[in-house]
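Trainee: Quick one: this structure, given as structure tokens, is what I'll be asking you about.
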Amino acid sequence: MNIKADFPTLIEELDYGTPESKAQKQVTLIVDGRSISVPEGTSIMRAAMEGGVEIPKLCATDMLDSFGSCRVCLVEIEGRGGTPASCTTPVGEGMVVRTQSERLDAIRRGVMELYVSDHPTGWNEKAGTGASEFDVVAKSVGLTENRFGIEGRNHVKQENGVAPGHGSLAVDYIARDESNPYFTYDPAQCIVCSRCVRACEEVQGTFALTIEGRGFESRMVAGMHEDFIASECVSCGACVQACPTDALREKTVLEKGMPERSAVTTCAYCGVGCSFKAEVKGDEVIRMMPYKDGKANHGHSCVKGRFAYGYATHKDRILSPMIREKVSDPWREVSWEEAIAYTAKEFRRIQYQYGRTSIGGITSSRCTNEETYLVQKLVRQGFRNNNVDTCARVCHSPTGYGLGQTYGTSAGTQDFDSVEFTDVAVIIGANPVSAHPVFASRLKKRLRQGAKLIVLDPRRTEMVKSAHVEANYHLPLKPGTNVAVLTSLAHVIVTEGLFDEAFIRERCDWTEFQDWASFVALPENSPETVGKLSGVDPELIRGAARLYAKGGNGAIYYGLGVTEHSQGSTTVMAIANLAMATGNIGRPGVGVNPLRGQNNVQGSCDMGSFPHELPGYRHISGEAVRDIYETLWGVKLDDEPGLRIPNMLDAAVDGSFKGIYIQGEDILQSDPDTKHVAAGLAAMECVVVHDLFLNETANYAHVFLPGSTFLEKDGTFTNAERRINMVRKVLEPKARYADWEATQELARAIGLDWNYQHPSEIMDEIAKTTPSFAGVSFDLLDRVGSVQWPCNEKAPLGTPIMHIDSFVRGKGKFIRTEYVATDERTGPRFPLLLTTGRILSQYNVGAQTRRTENVMWHSEDRLEIHPHDAENRGLRDGDWVRLTSRSGETTLRALITDRVSPGVVYTTFHHPDTQANVITTDFSDWATNCPEYKVTAVQVGASNGPSDWQRDYDEQARNSRRIAPLQAAE
Amino acid sequence: MTMQPASTEIASRIAAIVQELKDLEGPLLPILHGIQEEFGHVPHDVLPVIADGLNLSRAEVHGVVTFYHDFRAKPAGRHVLKLCQAEACQSMGSDAVAAKIKQLLGIGFHETTRDGSVTLEPVYCLGLCACSPSAMLDGEVIGRLDDEKIEEIVAEVRS
């Protein structure tokens, strides 16, 4: 579909009523005189719609399996008696169907009349939005009378003596449920079609809704007749999207009316990269509606993408550039021109005074590919060095390294659709239910169809056990023992002869395999030995290995629990080894799939954000690659890799690194060992923060450039499946410039001749210089929606699945993965292991989600601790506790739960006052410096309030956020 | 609705029932029957225990429990009297029978007398249409209700 940048109308997606049939065989039938061919198994309703005939419907929608309860979609079929429901009746060869007749009209009108008699505030009174499907159907069937009155017993009257909503006798009025911050449930409008209940079950997989009672007493309720907010509901919005009436409706729509225009764009939260229609009225986003043609999400969403966009208009957003000489000064609001000129002057001064390599930049995984490309270009072409790094350093850099070494490419091997063909899913160090919810919903659907599940995680996450999910094997390994356990799985596969010899001989280097096999077969890698050090029952390791190797299509999904370790890269290689050894690579349903944390972390890595790589993962030392850019940019490029983030900070403390341009990343909160980061920033002379908010890093900044949200710019994001999705501007930048424009201004100010009129021109430059992006253009993306790189002559529409016939590097490479215990060990002073993670409603450092109503679900970070460890320390649930490591200490409140094993504690890092990274150490991955967030030896004890550091920090933060009042104009 | 926290004793007994029956095919109904048999009702606040044991959501268990009128959330009286209110019985005067019994017992449908002697409930067909109007007292069916039988029933439940 071609959507123009100026989008004057609301995009209406067709609803075919029932899901697509995947059958090969075509069936031809006649509907209202038209001949229509559809795949076998298609419903009459869908076939009619595909032929352009819309049959009225209420309980059917193409996101859900057909249900057949509303009795509105009836049709007549020649040669058959009665009036079957078109949603539940499959097409047959030669069938002749009539969707309109006097009899059908009368039946439909009668059914609708009964509905409206029990639906008193809808129909012709235009209550709610007046634009619901129900209203439309009432109109289309020509409903003009209602002989039954509107005093519906279910909906308006409150019977004397029976408490509202009391058990199975709920035959009376139920008050509106306004408890969810984003949508309202008005039971009076409900027609009990079960679409919401089915959406919660089939699409989201949470099963939080049900129909209570039976017959005339049936009511839709959340949980056990609870408020939505108190129920199991995770606020994904699927029920609201499914509701054909105004019973479930976004509060923004009820308050402000229906949106008027929309554009398809890509969510700016996690690496799933869901497509949404951003629906706008005036200059305000009314709602984000999941887009059914979105290849990553197929019309589904989570609470963040669907509802948590309020940060874009939050009062904390800074809309004017600001500068200050010293970080102890208050901020001074200045014009863009002054801020850019000041920055350029400072950067030039610093380079003159301290040398060419004394400044650098950090690209953002939150910004678009085009913006990221420009920042690294600014550093390489303008700063004339390679001191550019990105936040992927602290999350998935080991993925890049590990998969690059073994397979030859730094990305996941599959598309998300692949999960529909998976027989055994292995989840390692990831909790998709919290961090990648839309993917989790798709995985859970596959599990309900019978796929098996293996989970390696120190915690008993929702993937281990929740409604309709139960892992076949949960290996609750001790944090830091990933490599040992994965190598032990390989031990079982090799010693029990479960490997796929034909695949290995054809696709991998057999000698390397033999070397690897002899290594993993060593007794020190046996489950019995590894079980002792990892705390995992050896039988579980054996069972899991057998299941993965022989259970059909095996797919591995992993997260930061794999990478953020001192052996993160080794763990990635161990995963790659397992997939190769079992032949689980190169077809649908298998593969190695990193679940990337941020919307564009894949893209920021692709775009040459690392100090040693130009776009497309090409090493900076390669002359031919440098040539391409040197010719285009007209400068000589430094052939030595530049500094990584931790090296920049070290160099700053040493006095040789003095200025930095940080776009959209809060390194002070997200990077390890906060005190060291603070010291590094404090030692610099010009810190430029380009962000939406005065984040924690900005406490140490001299220049603040206001950023733009994803709603305010054009560009592309690349998700975890290498899919390049369009981001489309629906609002003008609130602070005048989209981020790419601000970077361009800065580049011009330091003397570069940049003249991009639109991000599409930046993508054209990327395509021209990067072989894996050669075929990508905004035109192509407008035409086909999205593509997965590599996208070039060989694959003009992209590459959903990689390594199909051979690995990118040629032969797959087996690499020995020797377990080396981290230097971070528990001992008498620090007897517990701290590991960190996320929660569903919050995102990363929380800069965005904390500025939305999502705080209703998670207003503070808590420390999860096992009852046994809590009891030893005399702690009760909710107590303030002091968390101490070798690096520092902080305080937070305890949450006592057996989701963590004894000896392990867990917390999230969404709130800056928690300062979880004051605790984490500066140990990091041996290959990539990815910090070891997931293992810190700690002690926990009772506390009566915030630590000294938290108090000092709080004061410093308050001070440094002062903005001087504007001088009155003379 | 106010939810009483399940006492640990009840919760552990419920967990035991769940454990015992969970491997049956379609274990939820047998479990609910088992609980009602033992406790005389299915306490609302034990539903999460069942849900957890069967890997279902609370909502699903709630939906099933409320679908079946026979599962009660509160203990019934010592006797349970069910009056058929379905079509055949209605045509044979079940309305009048119900009115009379309500008056004699001083309670309406879904209520229990203050002394806890009897709970009165409507039921929709006991399969005894040939002997309408009909009732069921503590599991025993009674056909062809008339004034005399009504008096007898009331006397029995009052005793």
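FYI, nothing fancy with the structure tokens labels: chains A, B, ... in order, residues from 1 per chain, ligands from 1 as they appear.
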At a cut-off of 7 Å, list the chain B residues touching chain A, using only C-alpha atoms, as an mmCIF file with N, CA and C atoms, in the first residue's frame.
Mentor:
data_model
loop_
_atom_site.group_PDB
_atom_site.id
_atom_site.type_symbol
_atom_site.label_atom_id
_atom_site.label_comp_id
_atom_site.auth_asym_id
_atom_site.auth_seq_id
_atom_site.Cartn_x
_atom_site.Cartn_y
_atom_site.Cartn_z
ATOM 1 N N MET B 1 -17.689 -7.531 45.712
ATOM 2 C CA MET B 1 -17.761 -8.716 46.579
ATOM 3 C C MET B 1 -16.551 -8.748 47.512
ATOM 4 N N ASN B 55 -2.862 -24.654 35.716
ATOM 5 C CA ASN B 55 -2.299 -23.715 34.736
ATOM 6 C C ASN B 55 -3.379 -23.042 33.910
ATOM 7 N N LEU B 56 -4.437 -22.667 34.590
ATOM 8 C CA LEU B 56 -5.482 -21.880 33.943
ATOM 9 C C LEU B 56 -5.424 -20.476 34.526
ATOM 10 N N SER B 57 -6.170 -19.560 33.924
ATOM 11 C CA SER B 57 -6.270 -18.237 34.529
ATOM 12 C C SER B 57 -7.406 -18.250 35.548
ATOM 13 N N ARG B 58 -7.375 -17.290 36.469
ATOM 14 C CA ARG B 58 -8.472 -17.158 37.438
ATOM 15 C C ARG B 58 -9.781 -16.952 36.701
ATOM 16 N N ALA B 59 -9.706 -16.145 35.613
ATOM 17 C CA ALA B 59 -10.914 -15.814 34.872
ATOM 18 C C ALA B 59 -11.572 -17.077 34.318
ATOM 19 N N GLU B 60 -10.756 -17.973 33.767
ATOM 20 C CA GLU B 60 -11.340 -19.181 33.179
ATOM 21 C C GLU B 60 -12.079 -20.006 34.225
ATOM 22 N N HIS B 62 -13.307 -18.980 37.043
ATOM 23 C CA HIS B 62 -14.490 -18.221 37.447
ATOM 24 C C HIS B 62 -15.618 -18.401 36.420
ATOM 25 N N GLY B 63 -15.248 -18.353 35.144
ATOM 26 C CA GLY B 63 -16.242 -18.511 34.087
ATOM 27 C C GLY B 63 -16.941 -19.854 34.176
ATOM 28 N N THR B 66 -19.207 -20.125 37.489
ATOM 29 C CA THR B 66 -20.455 -19.361 37.455
ATOM 30 C C THR B 66 -21.409 -19.861 36.382
ATOM 31 N N PHE B 67 -20.881 -20.625 35.414
ATOM 32 C CA PHE B 67 -21.763 -21.166 34.373
ATOM 33 C C PHE B 67 -22.719 -22.188 34.968
#
Trainee: Would you mind listing what lies within 10 Å of A:Tyr548 as a VMD selection string, with only C-alpha atoms counted and same-chain residues fewer than 6 positions away left out?
Mentor: chain A and resid 423 to 426 452 to 454 489 493 498 554 to 556 578 to 579 582 584
Trainee: Write to file, as a PDB file, in the first residue's frame, the residues of the selection just made, with C-alpha atoms.
Mentor:
ATOM      1  CA  ASP A 423       8.368 -27.705  17.541  1.00  0.00           C
ATOM      2  CA  VAL A 424      10.783 -27.052  20.391  1.00  0.00           C
ATOM      3  CA  ALA A 425      11.425 -23.504  21.568  1.00  0.00           C
ATOM      4  CA  VAL A 426      14.424 -22.862  23.782  1.00  0.00           C
ATOM      5  CA  LYS A 452       7.524 -27.972  23.529  1.00  0.00           C
ATOM      6  CA  LEU A 453       9.423 -25.479  25.638  1.00  0.00           C
ATOM      7  CA  ILE A 454      12.792 -25.416  27.364  1.00  0.00           C
ATOM      8  CA  LEU A 489      23.837 -29.728  26.555  1.00  0.00           C
ATOM      9  CA  ILE A 493      24.136 -34.267  22.122  1.00  0.00           C
ATOM     10  CA  LEU A 498      22.084 -36.940  18.782  1.00  0.00           C
ATOM     11  CA  GLY A 554      14.266 -26.475  17.385  1.00  0.00           C
ATOM     12  CA  ALA A 555      14.481 -22.695  17.690  1.00  0.00           C
ATOM     13  CA  ILE A 556      16.583 -20.816  20.221  1.00  0.00           C
ATOM     14  CA  LEU A 578      24.117 -26.196  19.420  1.00  0.00           C
ATOM     15  CA  ALA A 579      22.018 -25.074  16.457  1.00  0.00           C
ATOM     16  CA  THR A 582      21.532 -30.394  15.533  1.00  0.00           C
ATOM     17  CA  ASN A 584      18.558 -26.401  13.362  1.00  0.00           C
TER      18      ASN A 584
END
Trainee: Stretch 55-62 of chain A: which residues within 6 Å, counting only C-alpha atoms, same-chain residues fewer than 3 positions away excluded, as a CSV table (one decimal) with N, CA and C atoms, in the first residue's frame?
Mentor:
chain,number,residue,atom,x,y,z
A,15,ASP,N,-11.9,-5.9,7.3
A,15,ASP,CA,-12.0,-7.0,8.2
A,15,ASP,C,-12.7,-8.1,7.4
A,16,TYR,N,-11.9,-9.2,7.2
A,16,TYR,CA,-12.4,-10.3,6.4
A,16,TYR,C,-13.3,-11.3,7.2
A,17,GLY,N,-13.3,-11.0,8.5
A,17,GLY,CA,-14.2,-11.8,9.4
A,17,GLY,C,-13.6,-13.1,10.0
A,18,THR,N,-12.9,-13.8,9.2
A,18,THR,CA,-12.2,-15.0,9.7
A,18,THR,C,-10.8,-15.1,9.2
A,19,PRO,N,-9.9,-15.8,9.9
A,19,PRO,CA,-8.5,-15.8,9.4
A,19,PRO,C,-8.4,-16.4,8.1
A,66,SER,N,-13.4,-18.3,13.9
A,66,SER,CA,-14.8,-18.0,13.9
A,66,SER,C,-15.5,-18.7,15.1
A,70,CYS,N,-23.3,-14.6,16.9
A,70,CYS,CA,-24.2,-13.4,16.8
A,70,CYS,C,-25.4,-13.6,16.0
A,72,VAL,N,-25.9,-12.8,12.9
A,72,VAL,CA,-26.2,-11.7,12.0
A,72,VAL,C,-25.7,-12.1,10.6
A,73,CYS,N,-24.7,-12.9,10.5
A,73,CYS,CA,-24.0,-13.2,9.2
A,73,CYS,C,-24.6,-14.3,8.4
A,193,CYS,N,-20.6,-10.8,22.8
A,193,CYS,CA,-20.2,-11.6,21.6
A,193,CYS,C,-18.9,-12.4,21.8
Trainee: List the neighbours of stretch 100-109 of chain B out to 10 Å using only C-alpha atoms; skip same-chain residues closer than 2 positions along the sequence, and give me the result as a ChimeraX atom specification.
Mentor: /B:81-83,94-98,111-114,117-122,147,150-151,153-155,157-158
Trainee: Could you work out how far atom CA of A:Pro672 lies from atom CA of A:Tyr557, giving the answer in Å with one decimal?
Mentor: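 Atom CA of A:Tyr557 sits 24.8 Å away from atom CA of A:Pro672.
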Trainee: State, in Å with one decimal place, the distance from atom CA of A:Phe778 to atom CA of A:Gly294.
Mentor: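 Computing it gives 16.3 Å between the two atoms.
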Trainee: Excluding A:His565 and any residue of its chain fewer than 4 positions from it, enumerate the residues within 7 Å of it, using only C-alpha atoms, and give them as a list in words.
Mentor: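 Using only C-alpha atoms, the neighbours found are Gly480, Ser924, Asp925, Pro931, Glu932, Tyr933 and Lys934 of chain A.
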Trainee: Residues at most 7 Å from stretch 263-279 of chain A, counting only C-alpha atoms, excluding those fewer than 2 positions away in the same chain, as a compact mmCIF listing (two decimals) with C-alpha atoms, in the first residue's frame?
Mentor:
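Writing the result to out05.txt gives the following:
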# COMPACT_ATOMS: atom_id res chain seq x y z
CA PHE A 7 -1.89 11.49 5.06
CA PRO A 259 -9.36 10.35 15.08
CA ARG A 261 -6.33 10.76 9.87
CA VAL A 285 -2.37 11.50 18.67
CA ILE A 286 -5.70 9.97 19.71
CA ARG A 287 -4.60 6.38 19.67
CA MET A 288 -2.10 3.88 18.31
CA MET A 289 -3.85 1.02 16.52
CA PRO A 290 -1.91 -2.15 15.71
CA TYR A 291 -1.62 -2.60 11.94
CA GLY A 294 2.60 -5.33 10.10
CA ALA A 296 6.19 -8.48 12.98
CA ASN A 297 2.98 -8.12 14.94
CA SER A 301 0.31 -4.90 20.44
CA GLY A 305 3.24 0.52 22.06
CA ARG A 366 16.13 4.63 19.91
CA HIS A 436 9.04 -8.70 24.00
CA PHE A 439 6.53 -12.07 20.28
CA LEU A 595 15.55 -10.86 21.15
CA ARG A 596 16.86 -7.34 20.77
CA GLY A 597 16.00 -4.93 23.49
CA GLN A 598 15.42 -1.64 21.75
CA ASN A 599 13.43 -0.63 18.72
CA ASN A 600 16.48 0.02 16.60
CA PHE A 710 9.27 8.85 16.63
CA ASN A 719 13.82 -4.85 14.36
CA ALA A 720 15.19 -8.07 15.83
CA ASN A 725 10.16 -0.80 8.94
CA MET A 726 9.03 2.69 8.05
CA VAL A 727 8.68 5.40 10.67
CA ARG A 728 6.39 8.15 9.44
CA VAL A 730 2.51 12.34 11.98
Trainee: Considering only C-alpha atoms, return as a count of residues only whatever protein or nucleic-acid residues lie within 10 Å of A:Phe814, sequence-local ones (same chain, fewer than 5 positions apart) excluded.
Mentor: 21
Trainee: For B:Ser132, which residue out of B:Glu87, B:Glu148, B:His110, B:Tyr68 is the nearest one, using only C-alpha atoms?
Mentor: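 So, comparing all the options, the nearest one is B:Glu87.
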Trainee: Quick one: pick out all helix (DSSP H, G or I) residues within stretch 234-383 of chain A from a backbone DSSP run and write them as an MDAnalysis selection string.
Mentor: chainID A and resid 238:242 251:256 303:307 310:313 336:354 356:358 369:383
Trainee: Could you write out that same residue set with C-alpha atoms as a PDB file, in the first residue's frame?
Mentor:
ATOM      1  CA  ALA A 238      -6.448  -6.611  22.056  1.00  0.00           C
ATOM      2  CA  CYS A 239      -9.902  -6.678  23.664  1.00  0.00           C
ATOM      3  CA  VAL A 240     -10.488  -3.001  22.989  1.00  0.00           C
ATOM      4  CA  GLN A 241      -9.464  -3.481  19.387  1.00  0.00           C
ATOM      5  CA  ALA A 242     -11.792  -6.491  19.084  1.00  0.00           C
ATOM      6  CA  LYS A 251     -10.498   6.745  26.997  1.00  0.00           C
ATOM      7  CA  THR A 252      -8.890   9.177  24.573  1.00  0.00           C
ATOM      8  CA  VAL A 253     -11.534   8.348  21.971  1.00  0.00           C
ATOM      9  CA  LEU A 254     -14.349   8.776  24.489  1.00  0.00           C
ATOM     10  CA  GLU A 255     -12.911  12.086  25.639  1.00  0.00           C
ATOM     11  CA  LYS A 256     -11.744  13.576  22.373  1.00  0.00           C
ATOM     12  CA  VAL A 303       0.628  -1.958  26.715  1.00  0.00           C
ATOM     13  CA  LYS A 304       3.678   0.091  25.795  1.00  0.00           C
ATOM     14  CA  GLY A 305       3.237   0.517  22.060  1.00  0.00           C
ATOM     15  CA  ARG A 306      -0.542   0.663  22.184  1.00  0.00           C
ATOM     16  CA  PHE A 307      -1.001   3.103  25.025  1.00  0.00           C
ATOM     17  CA  GLY A 310       1.970  10.065  26.518  1.00  0.00           C
ATOM     18  CA  TYR A 311       5.630  10.867  27.133  1.00  0.00           C
ATOM     19  CA  ALA A 312       5.639  12.585  23.721  1.00  0.00           C
ATOM     20  CA  THR A 313       3.564  15.405  25.164  1.00  0.00           C
ATOM     21  CA  TRP A 336      19.207  26.492  18.064  1.00  0.00           C
ATOM     22  CA  GLU A 337      21.696  28.655  16.216  1.00  0.00           C
ATOM     23  CA  GLU A 338      23.502  29.629  19.406  1.00  0.00           C
ATOM     24  CA  ALA A 339      23.507  26.085  20.780  1.00  0.00           C
ATOM     25  CA  ILE A 340      24.878  24.616  17.552  1.00  0.00           C
ATOM     26  CA  ALA A 341      27.486  27.336  17.140  1.00  0.00           C
ATOM     27  CA  TYR A 342      28.588  26.945  20.764  1.00  0.00           C
ATOM     28  CA  THR A 343      28.913  23.182  20.393  1.00  0.00           C
ATOM     29  CA  ALA A 344      30.864  23.411  17.156  1.00  0.00           C
ATOM     30  CA  LYS A 345      33.204  25.989  18.671  1.00  0.00           C
ATOM     31  CA  GLU A 346      33.779  23.884  21.787  1.00  0.00           C
ATOM     32  CA  PHE A 347      34.440  20.698  19.819  1.00  0.00           C
ATOM     33  CA  ARG A 348      36.927  22.515  17.593  1.00  0.00           C
ATOM     34  CA  ARG A 349      38.632  24.102  20.584  1.00  0.00           C
ATOM     35  CA  ILE A 350      38.930  20.747  22.351  1.00  0.00           C
ATOM     36  CA  GLN A 351      40.354  19.011  19.301  1.00  0.00           C
ATOM     37  CA  TYR A 352      42.829  21.858  18.792  1.00  0.00           C
ATOM     38  CA  GLN A 353      43.856  21.766  22.438  1.00  0.00           C
ATOM     39  CA  TYR A 354      43.806  18.006  23.184  1.00  0.00           C
ATOM     40  CA  ARG A 356      41.932  14.841  17.095  1.00  0.00           C
ATOM     41  CA  THR A 357      40.866  11.842  19.159  1.00  0.00           C
ATOM     42  CA  SER A 358      39.773  13.789  22.238  1.00  0.00           C
ATOM     43  CA  ASN A 369      18.755   4.204  10.961  1.00  0.00           C
ATOM     44  CA  GLU A 370      19.187   7.464   9.109  1.00  0.00           C
ATOM     45  CA  GLU A 371      19.912   9.405  12.299  1.00  0.00           C
ATOM     46  CA  THR A 372      22.329   6.793  13.542  1.00  0.00           C
ATOM     47  CA  TYR A 373      24.108   6.760  10.219  1.00  0.00           C
ATOM     48  CA  LEU A 374      24.506  10.521  10.393  1.00  0.00           C
ATOM     49  CA  VAL A 375      25.987  10.491  13.898  1.00  0.00           C
ATOM     50  CA  GLN A 376      28.655   7.954  12.946  1.00  0.00           C
ATOM     51  CA  LYS A 377      29.262   9.908   9.760  1.00  0.00           C
ATOM     52  CA  LEU A 378      29.658  13.089  11.812  1.00  0.00           C
ATOM     53  CA  VAL A 379      32.270  11.391  13.967  1.00  0.00           C
ATOM     54  CA  ARG A 380      34.155   9.778  11.093  1.00  0.00           C
ATOM     55  CA  GLN A 381      33.923  12.551   8.530  1.00  0.00           C
ATOM     56  CA  GLY A 382      33.708  15.534  10.861  1.00  0.00           C
ATOM     57  CA  PHE A 383      35.635  14.578  14.000  1.00  0.00           C
TER      58      PHE A 383
END
Trainee: Counting only C-alpha atoms, figure out which residue out of A:Trp740, A:Phe830, A:Tyr906, A:Phe519 gets nearest to A:Thr817.
Mentor: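 Once distances to A:Thr817 are computed over only C-alpha atoms, the minimum belongs to A:Phe519.
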Trainee: Looking only at strand (DSSP E) from DSSP on the backbone, list the matching residues of stretch 491-738 of chain A as a ChimeraX atom specification.
Mentor: /A:554-558,591-594,613-614,618-619,659-663,686-691,703-706,715-718,723-727
